[in-house]
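Text of model-v8.cif (mmCIF, C-alpha atoms and all ligand atoms) as supplied:
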data_input
#
loop_
_atom_site.label_atom_id
_atom_site.label_comp_id
_atom_site.auth_asym_id
_atom_site.auth_seq_id
_atom_site.Cartn_x
_atom_site.Cartn_y
_atom_site.Cartn_z
CA MET A 1 19.58 -23.37 20.65
CA THR A 2 22.09 -21.32 22.63
CA ALA A 3 21.20 -20.11 26.12
CA TYR A 4 21.03 -16.54 24.74
CA TRP A 5 18.45 -17.41 22.07
CA ASP A 6 16.53 -19.51 24.54
CA ALA A 7 16.26 -16.42 26.80
CA PHE A 8 15.44 -14.20 23.79
CA PHE A 9 12.49 -16.37 22.77
CA THR A 10 11.30 -16.65 26.37
CA LEU A 11 11.04 -12.85 26.36
CA HIS A 12 9.38 -12.67 22.94
CA ARG A 13 7.10 -15.71 23.18
CA ASP A 14 3.43 -14.91 22.52
CA LEU A 15 3.76 -11.14 22.46
CA PRO A 16 1.05 -9.58 20.25
CA ARG A 17 3.58 -8.10 17.84
CA GLU A 18 7.31 -8.14 17.15
CA GLY A 19 7.75 -4.57 15.98
CA PRO A 20 5.86 -1.26 15.94
CA GLY A 21 2.61 -1.02 14.00
CA GLU A 22 -1.11 -0.29 14.16
CA PRO A 23 -4.15 -1.01 11.96
CA ALA A 24 -4.14 2.60 10.66
CA ASP A 25 -0.78 1.89 8.96
CA VAL A 26 -2.30 -0.97 6.99
CA ALA A 27 -5.37 1.12 6.04
CA TRP A 28 -3.12 3.97 4.88
CA ALA A 29 -0.88 1.65 2.82
CA VAL A 30 -3.84 -0.05 1.16
CA ALA A 31 -5.44 3.31 0.27
CA THR A 32 -2.11 4.65 -1.03
CA ALA A 33 -1.46 1.56 -3.14
CA GLY A 34 -5.06 1.45 -4.42
CA THR A 35 -5.32 -2.18 -3.32
CA ALA A 36 -8.66 -3.73 -4.33
CA PRO A 37 -11.07 -5.49 -1.92
CA THR A 38 -10.32 -8.71 -3.85
CA ALA A 39 -6.54 -8.37 -3.47
CA ARG A 40 -4.13 -11.25 -2.99
CA ILE A 41 -1.90 -10.04 -0.17
CA CYS A 42 1.33 -11.46 1.21
CA ASP A 43 2.29 -10.62 4.81
CA ALA A 44 6.04 -11.25 4.48
CA ALA A 45 7.72 -11.94 7.85
CA CYS A 46 4.37 -11.77 9.64
CA GLY A 47 5.78 -12.61 13.08
CA PRO A 48 2.85 -13.55 15.35
CA GLY A 49 0.41 -12.19 12.75
CA ALA A 50 -0.51 -8.86 14.33
CA ASP A 51 -1.38 -7.25 10.98
CA ILE A 52 -3.48 -10.07 9.53
CA THR A 53 -6.81 -8.78 10.88
CA ALA A 54 -6.23 -5.34 9.34
CA LEU A 55 -5.05 -6.87 6.05
CA ARG A 56 -8.19 -9.04 5.91
CA ALA A 57 -10.34 -5.97 6.61
CA ALA A 58 -8.59 -4.14 3.77
CA ALA A 59 -9.36 -6.91 1.29
CA PRO A 60 -12.52 -8.61 2.55
CA GLN A 61 -13.01 -10.55 -0.70
CA GLY A 62 -9.31 -11.26 -1.07
CA HIS A 63 -6.77 -13.61 0.45
CA VAL A 64 -3.85 -13.18 2.86
CA THR A 65 -0.81 -15.46 2.67
CA ALA A 66 1.32 -14.91 5.76
CA LEU A 67 4.72 -16.41 6.35
CA ASP A 68 7.59 -16.18 8.78
CA LYS A 69 10.77 -18.13 9.17
CA TYR A 70 10.08 -19.03 12.83
CA PRO A 71 7.52 -21.84 13.28
CA HIS A 72 6.61 -20.59 16.74
CA PHE A 73 5.28 -17.32 15.28
CA ILE A 74 3.30 -19.23 12.67
CA ASP A 75 1.80 -21.45 15.39
CA GLN A 76 0.75 -18.30 17.26
CA ALA A 77 -0.81 -16.79 14.11
CA GLN A 78 -2.50 -20.12 13.43
CA ARG A 79 -4.24 -19.98 16.81
CA ALA A 80 -5.73 -16.57 15.93
CA HIS A 81 -6.43 -17.00 12.20
CA GLY A 82 -6.23 -20.74 11.46
CA THR A 83 -9.97 -21.13 10.91
CA ASP A 84 -10.23 -18.29 8.37
CA PRO A 85 -10.34 -19.87 4.87
CA ALA A 86 -9.07 -16.60 3.39
CA VAL A 87 -5.80 -16.84 5.35
CA THR A 88 -2.92 -19.19 4.48
CA LEU A 89 -0.14 -19.46 7.06
CA ARG A 90 3.19 -21.11 6.53
CA THR A 91 6.73 -21.23 7.78
CA GLY A 92 9.11 -20.08 5.08
CA ASP A 93 11.73 -17.66 3.81
CA MET A 94 10.36 -14.38 2.45
CA ALA A 95 13.16 -14.40 -0.14
CA ASP A 96 11.35 -17.30 -1.83
CA ILE A 97 7.80 -15.96 -2.25
CA THR A 98 6.36 -16.46 -5.72
CA GLY A 99 2.92 -14.82 -5.86
CA PRO A 100 1.26 -13.39 -7.81
CA PHE A 101 0.38 -10.82 -5.14
CA ASP A 102 -1.38 -7.47 -5.49
CA LEU A 103 0.26 -6.24 -2.27
CA ILE A 104 3.31 -7.46 -0.38
CA TRP A 105 3.11 -6.09 3.16
CA CYS A 106 6.35 -6.29 5.14
CA ALA A 107 6.36 -4.71 8.61
CA GLY A 108 9.82 -4.20 10.05
CA ALA A 109 11.61 -6.98 8.21
CA LEU A 110 12.70 -6.01 4.68
CA TYR A 111 16.07 -4.94 6.06
CA PHE A 112 16.87 -8.60 6.69
CA LEU A 113 17.05 -9.01 2.89
CA GLY A 114 18.21 -5.44 2.19
CA ILE A 115 15.74 -2.95 0.67
CA THR A 116 17.17 -3.06 -2.85
CA GLU A 117 17.88 -6.78 -2.84
CA GLY A 118 14.48 -7.67 -1.37
CA LEU A 119 12.51 -5.47 -3.77
CA LYS A 120 14.39 -6.94 -6.74
CA THR A 121 13.65 -10.43 -5.45
CA TRP A 122 9.93 -9.62 -5.12
CA ARG A 123 9.56 -8.05 -8.57
CA ASP A 124 8.37 -11.29 -10.14
CA ALA A 125 6.01 -12.06 -7.25
CA LEU A 126 3.96 -8.90 -7.95
CA ALA A 127 0.85 -9.01 -10.13
CA PRO A 128 0.39 -6.20 -12.70
CA GLY A 129 -0.40 -3.02 -10.75
CA GLY A 130 0.93 -4.59 -7.56
CA ALA A 131 2.80 -2.74 -4.79
CA VAL A 132 5.05 -3.36 -1.82
CA ALA A 133 4.50 -1.64 1.54
CA PHE A 134 7.34 -1.89 4.04
CA SER A 135 8.29 -0.22 7.30
CA GLU A 136 11.92 0.47 7.94
CA PRO A 137 14.10 1.98 10.69
CA CYS A 138 14.82 5.59 9.66
CA TRP A 139 16.68 8.66 10.93
CA PHE A 140 14.33 11.65 11.02
CA THR A 141 16.84 14.36 12.00
CA GLU A 142 20.36 15.30 10.95
CA ALA A 143 21.41 15.22 14.59
CA ARG A 144 21.82 11.63 15.77
CA PRO A 145 21.84 11.34 19.57
CA GLN A 146 24.84 9.29 20.64
CA GLU A 147 22.96 6.57 22.50
CA ALA A 148 20.57 6.07 19.57
CA ALA A 149 23.50 5.95 17.12
CA ASP A 150 25.25 3.43 19.39
CA LEU A 151 22.15 1.23 19.57
CA TRP A 152 21.53 1.20 15.83
CA SER A 153 25.19 0.83 14.86
CA GLY A 154 25.01 -2.55 16.58
CA ASP A 155 21.53 -3.60 15.40
CA TYR A 156 21.43 -2.15 11.88
CA PRO A 157 24.54 -0.25 10.77
CA ALA A 158 23.06 0.42 7.31
CA MET A 159 20.11 2.40 8.77
CA THR A 160 19.58 5.59 6.76
CA ASP A 161 17.12 8.50 6.40
CA ALA A 162 14.07 8.94 4.13
CA LYS A 163 16.22 10.05 1.18
CA GLY A 164 18.48 7.05 1.67
CA ILE A 165 15.51 4.68 1.76
CA ASP A 166 14.14 6.21 -1.43
CA ALA A 167 17.56 5.84 -3.10
CA ARG A 168 17.56 2.12 -2.23
CA VAL A 169 14.02 1.83 -3.62
CA ARG A 170 15.10 3.50 -6.88
CA ALA A 171 18.19 1.28 -7.10
CA ALA A 172 15.77 -1.67 -7.31
CA ARG A 173 13.94 0.10 -10.19
CA TYR A 174 10.88 0.91 -8.08
CA ARG A 175 9.34 4.31 -7.32
CA THR A 176 8.02 5.57 -3.99
CA ILE A 177 4.29 6.39 -4.12
CA GLY A 178 3.93 7.58 -0.52
CA THR A 179 5.56 7.53 2.90
CA ARG A 180 4.31 7.87 6.48
CA LYS A 181 6.06 7.88 9.85
CA LEU A 182 4.78 5.29 12.28
CA SER A 183 3.05 6.94 15.25
CA SER A 184 4.01 6.74 18.91
CA ALA A 185 0.90 4.61 19.44
CA ALA A 186 2.29 2.12 16.91
CA TRP A 187 5.51 1.89 18.95
CA GLU A 188 3.69 1.52 22.25
CA ASN A 189 1.70 -1.37 20.71
CA TYR A 190 5.06 -3.12 20.70
CA TYR A 191 6.75 -1.76 23.81
CA ALA A 192 3.86 -1.76 26.31
CA PRO A 193 3.34 -5.56 26.20
CA MET A 194 7.13 -5.91 26.18
CA ASP A 195 7.37 -3.79 29.39
CA ALA A 196 4.88 -6.13 31.08
CA ARG A 197 6.83 -9.21 29.95
CA ILE A 198 10.12 -7.70 31.16
CA ALA A 199 8.55 -7.00 34.56
CA ALA A 200 7.26 -10.58 34.78
CA LEU A 201 10.72 -11.99 33.96
CA SER A 202 12.72 -9.43 35.92
CA SER A 203 14.04 -11.95 38.41
CA GLY A 204 15.68 -13.62 35.36
CA ASP A 205 17.81 -16.29 36.88
CA THR A 206 20.46 -16.75 34.19
CA PRO A 207 23.10 -14.32 32.91
CA GLU A 208 21.65 -14.75 29.41
CA MET A 209 18.17 -13.77 30.58
CA GLN A 210 19.59 -10.76 32.42
CA GLN A 211 21.40 -9.75 29.22
CA VAL A 212 18.28 -10.14 27.06
CA LEU A 213 16.18 -8.13 29.54
CA ALA A 214 18.80 -5.37 29.74
CA GLU A 215 18.93 -5.11 25.92
CA ALA A 216 15.13 -4.94 25.65
CA ARG A 217 14.90 -2.28 28.39
CA ARG A 218 17.60 -0.21 26.70
CA GLU A 219 15.94 -0.42 23.27
CA ALA A 220 12.62 0.91 24.60
CA GLN A 221 14.32 3.55 26.75
CA VAL A 222 16.37 4.86 23.80
CA TRP A 223 13.29 5.09 21.56
CA ARG A 224 11.26 6.89 24.27
CA ALA A 225 14.10 9.37 24.86
CA HIS A 226 14.88 10.06 21.19
CA ARG A 227 11.66 9.33 19.26
CA LYS A 228 11.92 12.64 17.39
CA SER A 229 15.30 11.60 15.96
CA PHE A 230 14.43 8.16 14.64
CA GLY A 231 11.55 5.79 14.11
CA TYR A 232 10.05 3.68 11.38
CA LEU A 233 9.12 5.00 7.95
CA LEU A 234 6.37 3.16 6.08
CA SER A 235 6.84 3.33 2.29
CA VAL A 236 4.51 2.19 -0.48
CA VAL A 237 6.48 1.44 -3.64
CA GLN A 238 5.85 0.07 -7.12
CA PRO A 239 8.13 -1.29 -9.84
CA ASP A 240 8.88 1.31 -12.51
CA ASP A 241 7.55 -0.93 -15.24
CA LEU A 242 4.22 -1.88 -13.66
C1 LIG B 1 10.74 -7.10 13.71
S1 LIG B 1 9.90 -8.64 13.44
C2 LIG B 1 8.38 -8.08 12.68
C3 LIG B 1 7.30 -9.14 12.70
C4 LIG B 1 5.91 -8.67 12.26
N1 LIG B 1 5.88 -8.17 10.91
C5 LIG B 1 5.36 -7.63 13.22
O1 LIG B 1 5.32 -6.45 12.86
O2 LIG B 1 4.99 -8.02 14.34
C6 LIG B 1 10.80 -9.32 12.10
C7 LIG B 1 10.32 -10.69 11.65
O3 LIG B 1 11.06 -11.08 10.49
C8 LIG B 1 11.13 -12.50 10.49
N2 LIG B 1 12.13 -12.85 9.48
C9 LIG B 1 13.44 -12.45 9.41
N3 LIG B 1 14.01 -12.90 8.29
C10 LIG B 1 13.05 -13.61 7.62
C11 LIG B 1 13.04 -14.32 6.38
N4 LIG B 1 14.13 -14.38 5.60
N5 LIG B 1 11.90 -14.90 5.98
C12 LIG B 1 10.79 -14.85 6.77
N6 LIG B 1 10.74 -14.20 7.96
C13 LIG B 1 11.86 -13.58 8.38
C14 LIG B 1 11.46 -12.81 11.94
O4 LIG B 1 11.21 -14.14 12.27
C15 LIG B 1 10.51 -11.83 12.65
O5 LIG B 1 9.27 -12.42 12.90
#

Take the structure from the file and write it as structure tokens.
Amino acid sequence: MTAYWDAFFTLHRDLPREGPGEPADVAWAVATAGTAPTARICDAACGPGADITALRAAAPQGHVTALDKYPHFIDQAQRAHGTDPAVTLRTGDMADITGPFDLIWCAGALYFLGITEGLKTWRDALAPGGAVAFSEPCWFTEARPQEAADLWSGDYPAMTDAKGIDARVRAARYRTIGTRKLSSAAWENYYAPMDARIAALSSGDTPEMQQVLAEARREAQVWRAHRKSFGYLLSVVQPDDL
């Protein structure tokens, strides 16, 4: 591992979540999708597993399969959920999931595959009546503050607005059933523990750690300054032919 990634994972190790989110998002998505209490759910790119408790609560007689490509996150999720027989955890690539699933939940990660490409890939993993719920970086205003545009042009140049997300959904032959903006509380669930970790590491003794800390500080600062202009949009979508 390079010194940069070593520093990156030192910052991110054992944080409660790796992106914005809150249990109310899961409850809303499940209600919007009409997911049954017996549902088979996939948490695709689960990170440390922050949403597993809410997904289990949404489908108490169902099953949650959670996967992420980084074993460290799966180990962390295993410590919290490893004794629950209704939870299967594994390291793997979300491009390869097979199902059948009644709901594929993907918080802050579908853009790694591309919305259209990922939804097409998941079509065959969905059971009849199944749905995908995903949260995605999104511009909320026409005006794009320069420092936010600069940040996202480096991190995710293809970031678009709600219409653009819907167009990518339709290009995969899905339809959007509902959308919801993630709340400020959802973002602080991510940034508040990150602030504490940054403070604990602030004497960072390598240039790589100083770089990683500066990037993390900037990301939170830009969101707090411009939260009206951009955020995450949660979409619940279904294939046209289901
Ligand atoms: C922004 S984090 C979100 C994690 C988690 N859903 C959460 O909200 O805390 C993105 C996650 O995507 C995972 N990831 C990226 N590409 C992946 C892939 N192809 N298959 C599985 N996981 C992937 C990363 O390891 C990381 O945990």

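Closest approach to A:Val169 among A:Val237, A:Ala200, A:Leu182, A:Ala133: A:Val237, based on all atoms listed in the file.
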
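With all atoms listed in the file as the basis for measurement, A:Asp102 is the residue among A:Asp6, A:Glu22, A:Glu142, A:Asp102 that approaches A:Ala39 most closely.
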
Within 9 Å of file point (17.5, 10.5, 16.1), counting only C-alpha atoms, expressed as a PyMOL selection string: chain A and resi 138-146+148-149+223+226-231

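Contact shell of stretch 104-120 of chain A at 7 Å (only C-alpha atoms; same-chain neighbours under 4 positions omitted): Gly19, Ile41, Cys42, Asp43, Ala44, Ala45, Ala95, Ala131, Val132, Ala133, Phe134, Ser135, Glu136, Arg168, Val169, Ala171 and Ala172 of chain A.
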
Here atom CA of A:Asp93 and atom CA of A:Ala31 stand apart by 27.3 Å

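For the residues A:Thr2, A:Ile198, A:Arg224, A:Gln238, ranking by smallest atom-to-atom distance to A:Leu126 using all atoms listed in the file places A:Gln238 first.
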
Quick one: residues within 10 Å of A:Glu147, only C-alpha atoms counted, chain neighbours fewer than 4 positions away excluded, as a PyMOL selection string? chain A and resi 151-153+218-219+222-223+225-226

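Nearest to ligand LIG 1 (chain B) of all the residues A:Thr121, A:Ser203, A:Thr179, A:Thr35 is A:Thr121, counting all atoms listed in the file.
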
re atom C7 of ligand LIG 1 (chain B) and atom CA of A:Leu15: distance 12.7 Å

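Atom pair atom CA of A:Lys69 / atom CA of A:Ala24 has a distance of 25.6 Å (rounded to one decimal).
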
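Of the residues under consideration (A:Thr83, A:Thr206, A:Gln221, A:Thr38), A:Thr38 shows the shortest atom-to-atom contact distance to A:Gly62 when counting all atoms listed in the file.
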
Residue contacts of A:Arg13 (10 Å, all atoms listed in the file) excluding same-chain residues fewer than 6 positions away, as an mmCIF file with C-alpha atoms, keeping the file's coordinate frame:
data_model
loop_
_atom_site.group_PDB
_atom_site.id
_atom_site.type_symbol
_atom_site.label_atom_id
_atom_site.label_comp_id
_atom_site.auth_asym_id
_atom_site.auth_seq_id
_atom_site.Cartn_x
_atom_site.Cartn_y
_atom_site.Cartn_z
ATOM 1 C CA ALA A 7 16.260 -16.420 26.800
ATOM 2 C CA PRO A 48 2.850 -13.550 15.350
ATOM 3 C CA HIS A 72 6.610 -20.590 16.740
ATOM 4 C CA PHE A 73 5.280 -17.320 15.280
ATOM 5 C CA GLN A 76 0.750 -18.300 17.260
ATOM 6 C CA ARG A 197 6.830 -9.210 29.950
#

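In this comparison, which uses only C-alpha atoms and all ligand atoms, the residue of A:Ala80, A:Leu233, A:Leu67, A:Ala216 approaching ligand LIG 1 (chain B) most closely is A:Leu67.
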
Problem - Contacts of A:Gly178 within 10 Å, only C-alpha atoms, excl. fewer than 3 positions in-chain, as a PyMOL selection string - result: chain A and resi 28-29+32-33+133+175+234-237

>> Excluding stretch 192-194 of chain A and its own-chain neighbours fewer than 6 positions away, which residues fall within 10 Å of it when counting only C-alpha atoms? Please give them as a PyMOL selection string.
In response: chain A and resi 11-12+15-18+185+200+213+216-217+220

Hey, can I get the axis-aligned box for stretch 92-99 of chain A? All listed atoms, 4 Å padding on each side, centre and edge lengths in Å to one decimal, as AutoDock Vina command-line options.
--center_x 8.0 --center_y -17.2 --center_z -0.4 --size_x 18.2 --size_y 13.7 --size_z 18.9
